[in-house]
file target_16.txt (compact mmCIF, C-alpha atoms)
# COMPACT_ATOMS: atom_id res chain seq x y z
CA MET I 1 0.00 0.00 0.00
CA GLN I 2 1.38 3.39 -1.02
CA PRO I 3 -0.78 6.15 0.51
CA HIS I 4 1.53 8.89 -0.77
CA GLN I 5 1.68 7.60 -4.35
CA GLY I 6 0.02 9.88 -6.86
CA GLN I 7 0.22 13.02 -4.74
CA THR I 8 1.45 16.34 -6.10
CA LEU I 9 5.12 16.95 -6.81
CA ALA I 10 5.85 20.67 -6.61
CA LYS I 11 8.77 21.90 -8.71
CA ARG I 12 10.86 25.03 -9.03
CA GLY I 13 14.09 26.11 -10.66
CA LYS I 14 15.80 24.45 -13.60
CA SER I 15 14.48 21.42 -15.42
CA LEU I 16 16.18 18.16 -14.59
CA GLU I 17 17.83 18.23 -18.02
CA GLU I 18 19.40 21.63 -17.33
CA ALA I 19 20.07 21.56 -13.61
CA GLN I 20 23.59 21.16 -12.26
CA ALA I 21 22.27 19.96 -8.91
CA ALA I 22 18.94 19.09 -7.28
CA MET I 23 17.36 19.49 -3.88
CA ILE I 24 14.51 17.35 -2.59
CA LEU I 25 12.55 19.21 0.10
CA ILE I 26 10.36 17.25 2.53
CA HIS I 27 7.63 19.14 4.37
CA GLY I 28 6.56 18.67 7.97
CA ARG I 29 3.32 17.44 9.53
CA GLY I 30 0.31 19.51 8.50
CA ALA I 31 2.30 21.41 5.88
CA THR I 32 2.42 21.37 2.08
CA ALA I 33 4.91 20.83 -0.70
CA GLU I 34 4.25 24.34 -2.03
CA GLY I 35 4.87 25.77 1.42
CA MET I 36 8.16 23.92 1.62
CA LEU I 37 9.20 25.38 -1.72
CA GLY I 38 8.62 28.81 -0.17
CA LEU I 39 11.70 28.12 1.95
CA VAL I 40 13.74 28.07 -1.26
CA ASP I 41 13.49 31.88 -1.39
CA GLU I 42 15.94 31.92 1.52
CA PHE I 43 18.71 30.17 -0.42
CA TYR I 44 17.65 30.14 -4.08
CA ALA I 45 20.35 29.35 -6.64
CA SER I 46 19.48 29.47 -10.33
CA ASP I 47 21.33 26.34 -11.49
CA TRP I 48 19.35 24.01 -9.23
CA ALA I 49 16.19 21.95 -9.59
CA TYR I 50 13.94 21.94 -6.51
CA LEU I 51 11.48 19.08 -5.95
CA ALA I 52 8.97 18.89 -3.10
CA PRO I 53 6.65 15.87 -2.78
CA GLN I 54 3.28 16.18 -1.06
CA ALA I 55 2.22 13.75 1.67
CA TRP I 56 -1.29 12.31 1.56
CA GLY I 57 -3.32 14.02 4.27
CA HIS I 58 -0.44 16.44 4.89
CA SER I 59 1.37 13.91 7.10
CA TRP I 60 3.97 11.31 6.20
CA TYR I 61 3.07 9.05 9.12
CA PRO I 62 0.42 9.33 11.86
CA TYR I 63 2.25 9.14 15.18
CA SER I 64 5.41 10.55 16.75
CA PHE I 65 8.67 9.64 15.02
CA LEU I 66 9.61 7.96 18.31
CA ALA I 67 6.65 5.55 18.17
CA PRO I 68 7.19 1.87 17.32
CA ILE I 69 7.82 1.57 13.58
CA PRO I 70 4.75 -0.64 12.86
CA GLN I 71 2.43 2.05 14.25
CA ASN I 72 3.58 4.48 11.56
CA GLU I 73 3.05 2.09 8.67
CA PRO I 74 2.20 2.13 5.82
CA GLY I 75 2.82 5.88 5.72
CA LEU I 76 6.46 5.66 6.77
CA SER I 77 7.46 3.11 4.14
CA SER I 78 5.43 4.93 1.52
CA GLY I 79 7.19 8.22 2.31
CA LEU I 80 10.58 6.56 2.08
CA TRP I 81 9.53 5.02 -1.23
CA ILE I 82 8.54 8.46 -2.59
CA ILE I 83 11.98 9.86 -1.75
CA ASP I 84 13.65 6.85 -3.33
CA GLN I 85 11.66 7.30 -6.53
CA LEU I 86 12.85 10.91 -6.74
CA VAL I 87 16.47 10.03 -6.01
CA GLN I 88 16.46 7.17 -8.52
CA GLY I 89 14.89 9.47 -11.10
CA LEU I 90 17.64 12.05 -10.63
CA LEU I 91 20.33 9.39 -10.90
CA ALA I 92 18.70 8.07 -14.07
CA LYS I 93 18.87 11.59 -15.54
CA GLY I 94 22.63 11.46 -15.09
CA LEU I 95 22.87 13.60 -11.96
CA PRO I 96 25.44 12.06 -9.58
CA SER I 97 24.49 11.53 -5.95
CA GLN I 98 27.14 14.12 -5.01
CA LYS I 99 24.87 16.74 -6.60
CA ILE I 100 21.70 15.64 -4.76
CA VAL I 101 20.68 17.29 -1.49
CA LEU I 102 17.88 16.12 0.80
CA LEU I 103 16.41 18.79 3.08
CA GLY I 104 13.57 18.33 5.52
CA PHE I 105 11.94 20.18 8.38
CA SER I 106 10.35 18.52 11.43
CA GLN I 107 8.55 15.35 10.30
CA GLY I 108 10.12 15.90 6.89
CA ALA I 109 13.57 16.08 8.48
CA CYS I 110 12.96 12.78 10.24
CA LEU I 111 11.91 11.16 6.96
CA ALA I 112 14.87 12.58 5.01
CA LEU I 113 17.36 11.49 7.67
CA GLU I 114 15.86 8.01 7.88
CA TYR I 115 16.00 7.64 4.10
CA ALA I 116 19.66 8.68 3.98
CA ALA I 117 20.62 6.27 6.77
CA ARG I 118 18.83 3.39 5.06
CA HIS I 119 20.25 4.31 1.63
CA PRO I 120 23.78 5.59 2.34
CA ARG I 121 25.53 7.26 -0.59
CA PRO I 122 27.97 10.16 -1.04
CA TYR I 123 25.13 12.67 -1.27
CA GLY I 124 25.76 16.34 -1.86
CA GLY I 125 24.20 16.95 1.53
CA ILE I 126 21.58 15.85 4.03
CA ILE I 127 19.93 18.70 5.94
CA GLY I 128 17.82 17.77 8.96
CA LEU I 129 16.13 20.86 10.41
CA SER I 130 14.58 19.90 13.76
CA GLY I 131 14.53 16.14 13.26
CA GLY I 132 16.17 12.82 14.03
CA LEU I 133 16.23 9.20 12.95
CA ILE I 134 12.93 7.36 13.27
CA GLY I 135 12.02 4.75 15.86
CA PRO I 136 11.58 4.25 19.60
CA SER I 137 14.28 4.55 22.22
CA GLY I 138 16.16 1.39 23.03
CA PRO I 139 18.40 -0.80 20.87
CA VAL I 140 19.66 1.22 17.92
CA PRO I 141 18.58 -0.10 14.50
CA LEU I 142 21.43 -1.42 12.39
CA TYR I 143 22.31 0.84 9.47
CA GLU I 144 25.01 -0.34 7.08
CA GLY I 145 26.91 1.29 4.25
CA ASP I 146 29.21 4.18 3.47
CA MET I 147 28.19 7.77 2.88
CA GLY I 148 31.63 8.69 1.57
CA ARG I 149 32.08 11.76 3.78
CA ALA I 150 28.77 13.26 2.67
CA PRO I 151 27.91 16.38 4.68
CA VAL I 152 25.08 15.86 7.16
CA PHE I 153 23.69 18.84 9.05
CA LEU I 154 21.52 18.42 12.14
CA GLY I 155 20.09 21.63 13.58
CA CYS I 156 17.71 21.68 16.54
CA SER I 157 16.79 23.56 19.70
CA ASP I 158 17.91 22.06 23.00
CA VAL I 159 14.33 22.43 24.27
CA ASP I 160 12.43 21.48 21.11
CA PRO I 161 9.02 20.17 22.25
CA HIS I 162 8.92 17.51 19.52
CA ILE I 163 12.57 16.44 19.05
CA PRO I 164 14.49 15.23 22.13
CA LEU I 165 18.09 16.44 22.21
CA GLU I 166 19.24 12.89 22.93
CA ARG I 167 17.76 11.68 19.63
CA VAL I 168 19.61 14.38 17.69
CA GLN I 169 22.85 13.29 19.34
CA GLU I 170 22.12 9.62 18.67
CA SER I 171 21.44 10.45 15.02
CA SER I 172 24.74 12.31 14.77
CA ALA I 173 26.61 9.29 16.08
CA ILE I 174 24.91 6.94 13.61
CA PHE I 175 25.71 9.15 10.63
CA LYS I 176 29.32 9.40 11.75
CA SER I 177 29.43 5.59 11.90
CA LEU I 178 28.24 5.59 8.27
CA GLY I 179 31.17 7.74 7.21
CA ALA I 180 29.35 11.07 6.96
CA GLU I 181 30.84 14.45 7.85
CA VAL I 182 28.38 15.52 10.54
CA ARG I 183 27.72 19.03 11.80
CA GLU I 184 25.41 19.16 14.79
CA HIS I 185 24.17 22.63 15.72
CA ILE I 186 22.15 22.87 18.94
CA TYR I 187 20.45 26.21 19.56
CA PRO I 188 19.60 27.15 23.16
CA ASN I 189 16.07 28.03 24.23
CA LEU I 190 14.50 28.26 20.78
CA PRO I 191 11.10 27.01 19.61
CA HIS I 192 10.47 24.43 16.88
CA THR I 193 11.60 26.55 13.94
CA VAL I 194 14.20 27.26 11.26
CA VAL I 195 16.87 29.82 12.15
CA GLU I 196 19.16 32.00 10.04
CA ASP I 197 22.28 30.08 11.06
CA GLU I 198 20.83 26.97 9.41
CA LEU I 199 20.04 28.88 6.24
CA ILE I 200 23.60 30.21 6.12
CA PHE I 201 24.87 26.63 6.21
CA VAL I 202 22.54 25.62 3.36
CA ARG I 203 23.64 28.56 1.22
CA GLN I 204 27.31 27.73 1.71
CA LEU I 205 26.76 24.04 1.02
CA MET I 206 24.99 24.87 -2.24
CA ALA I 207 27.72 27.31 -3.28
CA ASP I 208 30.35 24.64 -2.63
CA LEU I 209 28.47 22.12 -4.78
CA VAL I 210 27.70 24.52 -7.63
CA PRO I 211 29.80 27.70 -7.56
CA PRO I 212 27.69 30.72 -8.45
CA SER I 213 28.04 31.91 -12.03
CA GLU I 214 30.05 35.04 -12.64
CA PRO I 215 27.80 38.05 -13.24
CA SER I 216 27.72 39.33 -16.78
CA ARG I 217 29.68 42.52 -17.49

call {"tool": "encode", "arguments": {"input": "target_16.txt", "output": "structure tokens"}}
result
Amino acid sequence: MQPHQGQTLAKRGKSLEEAQAAMILIHGRGATAEGMLGLVDEFYASDWAYLAPQAWGHSWYPYSFLAPIPQNEPGLSSGLWIIDQLVQGLLAKGLPSQKIVLLGFSQGACLALEYAARHPRPYGGIIGLSGGLIGPSGPVPLYEGDMGRAPVFLGCSDVDPHIPLERVQESSAIFKSLGAEVREHIYPNLPHTVVEDELIFVRQLMADLVPPSEPSR
């Protein structure tokens, strides 16, 4: 069962044939793909393709990301499948994984991080804004593979009401074990939100992957 299959895919930027890099943006609970694309205004670069899938019912899975995995099925597996279809489509177009960035906020961050850990590659970047790997506390799931020093960014408040700090730290450790270059930024006493420091990181990451074109004279 694929509850998210057939939902809208919002697009912005270059076509896949013209783009030098691509970003897949995953929205949070109760949000929309179009709303997630609005975030692109904060770090827009003209040589990129931006893709934002829409979750059925505006939620990728029904319960907390810390709930037992079976409780969040089939939505969880369907959301991971949607991301995989997009990644595989980009690879089939000839775009290397080093030019693919996954970015998610809140529930979308959890889904993006979980996908990357289950499908390790040398991505251009994995950006988890207020999120962590999915599953209950206890024995850590076994993730295997090599991310080839792919940059992984985890940004979160130390008092986030939805994302325990311990889960962010656990997620950092797992990505390091997969060979990723992890940057964990913990912001004191902030709500569940995106902050300018995170956007600065995204802008720099994108500039490193695709240097901005020289302005015409």

call {"tool": "residues_around", "arguments": {"input": "target_16.txt", "residues": "stretch 167-184 of chain I", "least_positions_apart": "3", "cutoff": "8 Å", "atoms": "all atoms listed in the file", "output": "list in words"}}
result
Ala117, Pro120, Gly131, Gly132, Leu133, Tyr143, Glu144, Gly145, Asp146, Met147, Gly148, Arg149, Ala150, Pro151, Val152, Phe153, Leu154, Gly155, Cys156, Ile163 and Pro164 of chain I

call {"tool": "residues_around", "arguments": {"input": "target_16.txt", "residues": "I:Ala22", "least_positions_apart": "2", "cutoff": "10 Å", "atoms": "all atoms listed in the file", "output": "count of residues only"}}
result
25

call {"tool": "closest_residue", "arguments": {"input": "target_16.txt", "among": "I:Phe43, I:Phe65, I:Tyr123, I:Trp81", "to": "I:Ala109", "atoms": "only C-alpha atoms"}}
result
I:Phe65

call {"tool": "residues_near_point", "arguments": {"input": "target_16.txt", "point": "(21.0, 31.8, 4.1)", "cutoff": "12 Å", "atoms": "only C-alpha atoms", "output": "ChimeraX atom specification"}}
result
/I:39-45,194-207

call {"tool": "closest_residue", "arguments": {"input": "target_16.txt", "among": "I:Gly35, I:Gly28, I:Gly75, I:Pro70", "to": "I:Leu129", "atoms": "only C-alpha atoms"}}
result
I:Gly28

call {"tool": "atom_distance", "arguments": {"input": "target_16.txt", "atom1": "atom CA of I:Ser157", "atom2": "atom CA of I:Asn189"}}
result
6.4 Å

call {"tool": "atom_distance", "arguments": {"input": "target_16.txt", "atom1": "atom CA of I:Tyr115", "atom2": "atom CA of I:Leu209"}}
result
21.1 Å

call {"tool": "closest_residue", "arguments": {"input": "target_16.txt", "among": "I:Met36, I:Ala21, I:Leu111, I:Ile126", "to": "I:Asn72", "atoms": "all atoms listed in the file"}}
result
I:Leu111

call {"tool": "atom_distance", "arguments": {"input": "target_16.txt", "atom1": "atom CA of I:Glu18", "atom2": "atom CA of I:Phe105"}}
result
26.8 Å

call {"tool": "closest_residue", "arguments": {"input": "target_16.txt", "among": "I:Tyr63, I:Arg118, I:Trp56, I:Arg12", "to": "I:Gly38", "atoms": "all atoms listed in the file"}}
result
I:Arg12

call {"tool": "closest_residue", "arguments": {"input": "target_16.txt", "among": "I:Val210, I:Leu91, I:Leu165, I:Ala55", "to": "I:Pro3", "atoms": "only C-alpha atoms"}}
result
I:Ala55

call {"tool": "closest_residue", "arguments": {"input": "target_16.txt", "among": "I:Gln107, I:Gln88, I:Gln54, I:Thr8", "to": "I:Ile134", "atoms": "all atoms listed in the file"}}
result
I:Gln107

call {"tool": "decode", "arguments": {"input": "target_16.txt", "residues": "stretch 63-95 of chain I", "atoms": "N, CA and C atoms", "output": "PDB file, in the first residue's frame"}}
result
ATOM      1  N   TYR I  63       1.875   8.959  13.792  1.00  0.00           N
ATOM      2  CA  TYR I  63       2.249   9.143  15.183  1.00  0.00           C
ATOM      3  C   TYR I  63       3.620   9.813  15.296  1.00  0.00           C
ATOM      4  N   SER I  64       4.081   9.975  16.516  1.00  0.00           N
ATOM      5  CA  SER I  64       5.407  10.547  16.748  1.00  0.00           C
ATOM      6  C   SER I  64       6.479   9.724  16.036  1.00  0.00           C
ATOM      7  N   PHE I  65       7.567  10.378  15.654  1.00  0.00           N
ATOM      8  CA  PHE I  65       8.667   9.645  15.019  1.00  0.00           C
ATOM      9  C   PHE I  65       9.357   8.707  16.002  1.00  0.00           C
ATOM     10  N   LEU I  66       9.039   8.835  17.285  1.00  0.00           N
ATOM     11  CA  LEU I  66       9.606   7.960  18.313  1.00  0.00           C
ATOM     12  C   LEU I  66       8.723   6.747  18.605  1.00  0.00           C
ATOM     13  N   ALA I  67       7.560   6.677  17.967  1.00  0.00           N
ATOM     14  CA  ALA I  67       6.648   5.548  18.173  1.00  0.00           C
ATOM     15  C   ALA I  67       7.226   4.285  17.542  1.00  0.00           C
ATOM     16  N   PRO I  68       6.762   3.110  17.981  1.00  0.00           N
ATOM     17  CA  PRO I  68       7.192   1.872  17.324  1.00  0.00           C
ATOM     18  C   PRO I  68       6.933   1.942  15.818  1.00  0.00           C
ATOM     19  N   ILE I  69       7.883   1.471  15.041  1.00  0.00           N
ATOM     20  CA  ILE I  69       7.820   1.570  13.578  1.00  0.00           C
ATOM     21  C   ILE I  69       6.490   1.050  13.014  1.00  0.00           C
ATOM     22  N   PRO I  70       5.988  -0.123  13.456  1.00  0.00           N
ATOM     23  CA  PRO I  70       4.746  -0.636  12.855  1.00  0.00           C
ATOM     24  C   PRO I  70       3.557   0.314  13.006  1.00  0.00           C
ATOM     25  N   GLN I  71       3.542   1.133  14.053  1.00  0.00           N
ATOM     26  CA  GLN I  71       2.426   2.051  14.253  1.00  0.00           C
ATOM     27  C   GLN I  71       2.382   3.128  13.171  1.00  0.00           C
ATOM     28  N   ASN I  72       3.523   3.425  12.576  1.00  0.00           N
ATOM     29  CA  ASN I  72       3.579   4.481  11.558  1.00  0.00           C
ATOM     30  C   ASN I  72       3.530   3.956  10.129  1.00  0.00           C
ATOM     31  N   GLU I  73       3.231   2.673  10.000  1.00  0.00           N
ATOM     32  CA  GLU I  73       3.055   2.093   8.671  1.00  0.00           C
ATOM     33  C   GLU I  73       1.574   2.129   8.269  1.00  0.00           C
ATOM     34  N   PRO I  74       1.276   2.180   6.957  1.00  0.00           N
ATOM     35  CA  PRO I  74       2.203   2.126   5.824  1.00  0.00           C
ATOM     36  C   PRO I  74       2.763   3.493   5.408  1.00  0.00           C
ATOM     37  N   GLY I  75       2.388   4.547   6.127  1.00  0.00           N
ATOM     38  CA  GLY I  75       2.824   5.877   5.723  1.00  0.00           C
ATOM     39  C   GLY I  75       4.329   6.039   5.680  1.00  0.00           C
ATOM     40  N   LEU I  76       5.015   5.513   6.701  1.00  0.00           N
ATOM     41  CA  LEU I  76       6.465   5.665   6.766  1.00  0.00           C
ATOM     42  C   LEU I  76       7.140   5.034   5.553  1.00  0.00           C
ATOM     43  N   SER I  77       6.839   3.784   5.289  1.00  0.00           N
ATOM     44  CA  SER I  77       7.463   3.106   4.144  1.00  0.00           C
ATOM     45  C   SER I  77       7.091   3.776   2.830  1.00  0.00           C
ATOM     46  N   SER I  78       5.857   4.262   2.746  1.00  0.00           N
ATOM     47  CA  SER I  78       5.428   4.932   1.519  1.00  0.00           C
ATOM     48  C   SER I  78       6.193   6.242   1.322  1.00  0.00           C
ATOM     49  N   GLY I  79       6.412   6.990   2.409  1.00  0.00           N
ATOM     50  CA  GLY I  79       7.189   8.223   2.308  1.00  0.00           C
ATOM     51  C   GLY I  79       8.620   7.962   1.898  1.00  0.00           C
ATOM     52  N   LEU I  80       9.219   6.928   2.471  1.00  0.00           N
ATOM     53  CA  LEU I  80      10.583   6.565   2.085  1.00  0.00           C
ATOM     54  C   LEU I  80      10.634   6.138   0.621  1.00  0.00           C
ATOM     55  N   TRP I  81       9.602   5.447   0.165  1.00  0.00           N
ATOM     56  CA  TRP I  81       9.526   5.022  -1.234  1.00  0.00           C
ATOM     57  C   TRP I  81       9.439   6.234  -2.158  1.00  0.00           C
ATOM     58  N   ILE I  82       8.664   7.246  -1.777  1.00  0.00           N
ATOM     59  CA  ILE I  82       8.541   8.455  -2.589  1.00  0.00           C
ATOM     60  C   ILE I  82       9.903   9.123  -2.752  1.00  0.00           C
ATOM     61  N   ILE I  83      10.648   9.256  -1.661  1.00  0.00           N
ATOM     62  CA  ILE I  83      11.978   9.864  -1.754  1.00  0.00           C
ATOM     63  C   ILE I  83      12.869   9.030  -2.662  1.00  0.00           C
ATOM     64  N   ASP I  84      12.788   7.712  -2.508  1.00  0.00           N
ATOM     65  CA  ASP I  84      13.648   6.845  -3.329  1.00  0.00           C
ATOM     66  C   ASP I  84      13.310   6.984  -4.808  1.00  0.00           C
ATOM     67  N   GLN I  85      12.033   7.109  -5.133  1.00  0.00           N
ATOM     68  CA  GLN I  85      11.660   7.304  -6.530  1.00  0.00           C
ATOM     69  C   GLN I  85      12.263   8.593  -7.087  1.00  0.00           C
ATOM     70  N   LEU I  86      12.271   9.643  -6.284  1.00  0.00           N
ATOM     71  CA  LEU I  86      12.851  10.909  -6.737  1.00  0.00           C
ATOM     72  C   LEU I  86      14.361  10.797  -6.901  1.00  0.00           C
ATOM     73  N   VAL I  87      15.020  10.186  -5.926  1.00  0.00           N
ATOM     74  CA  VAL I  87      16.475  10.026  -6.014  1.00  0.00           C
ATOM     75  C   VAL I  87      16.839   9.177  -7.219  1.00  0.00           C
ATOM     76  N   GLN I  88      16.153   8.050  -7.393  1.00  0.00           N
ATOM     77  CA  GLN I  88      16.455   7.173  -8.524  1.00  0.00           C
ATOM     78  C   GLN I  88      16.197   7.881  -9.851  1.00  0.00           C
ATOM     79  N   GLY I  89      15.173   8.722  -9.888  1.00  0.00           N
ATOM     80  CA  GLY I  89      14.892   9.471 -11.103  1.00  0.00           C
ATOM     81  C   GLY I  89      15.999  10.459 -11.427  1.00  0.00           C
ATOM     82  N   LEU I  90      16.538  11.115 -10.407  1.00  0.00           N
ATOM     83  CA  LEU I  90      17.643  12.049 -10.626  1.00  0.00           C
ATOM     84  C   LEU I  90      18.894  11.319 -11.099  1.00  0.00           C
ATOM     85  N   LEU I  91      19.167  10.176 -10.481  1.00  0.00           N
ATOM     86  CA  LEU I  91      20.333   9.392 -10.902  1.00  0.00           C
ATOM     87  C   LEU I  91      20.172   8.925 -12.350  1.00  0.00           C
ATOM     88  N   ALA I  92      18.954   8.532 -12.705  1.00  0.00           N
ATOM     89  CA  ALA I  92      18.697   8.070 -14.070  1.00  0.00           C
ATOM     90  C   ALA I  92      18.869   9.187 -15.091  1.00  0.00           C
ATOM     91  N   LYS I  93      18.654  10.431 -14.670  1.00  0.00           N
ATOM     92  CA  LYS I  93      18.869  11.587 -15.540  1.00  0.00           C
ATOM     93  C   LYS I  93      20.346  11.932 -15.694  1.00  0.00           C
ATOM     94  N   GLY I  94      21.206  11.215 -14.978  1.00  0.00           N
ATOM     95  CA  GLY I  94      22.633  11.460 -15.089  1.00  0.00           C
ATOM     96  C   GLY I  94      23.202  12.365 -14.014  1.00  0.00           C
ATOM     97  N   LEU I  95      22.385  12.753 -13.043  1.00  0.00           N
ATOM     98  CA  LEU I  95      22.873  13.602 -11.960  1.00  0.00           C
ATOM     99  C   LEU I  95      23.527  12.711 -10.909  1.00  0.00           C
TER     100      LEU I  95
END
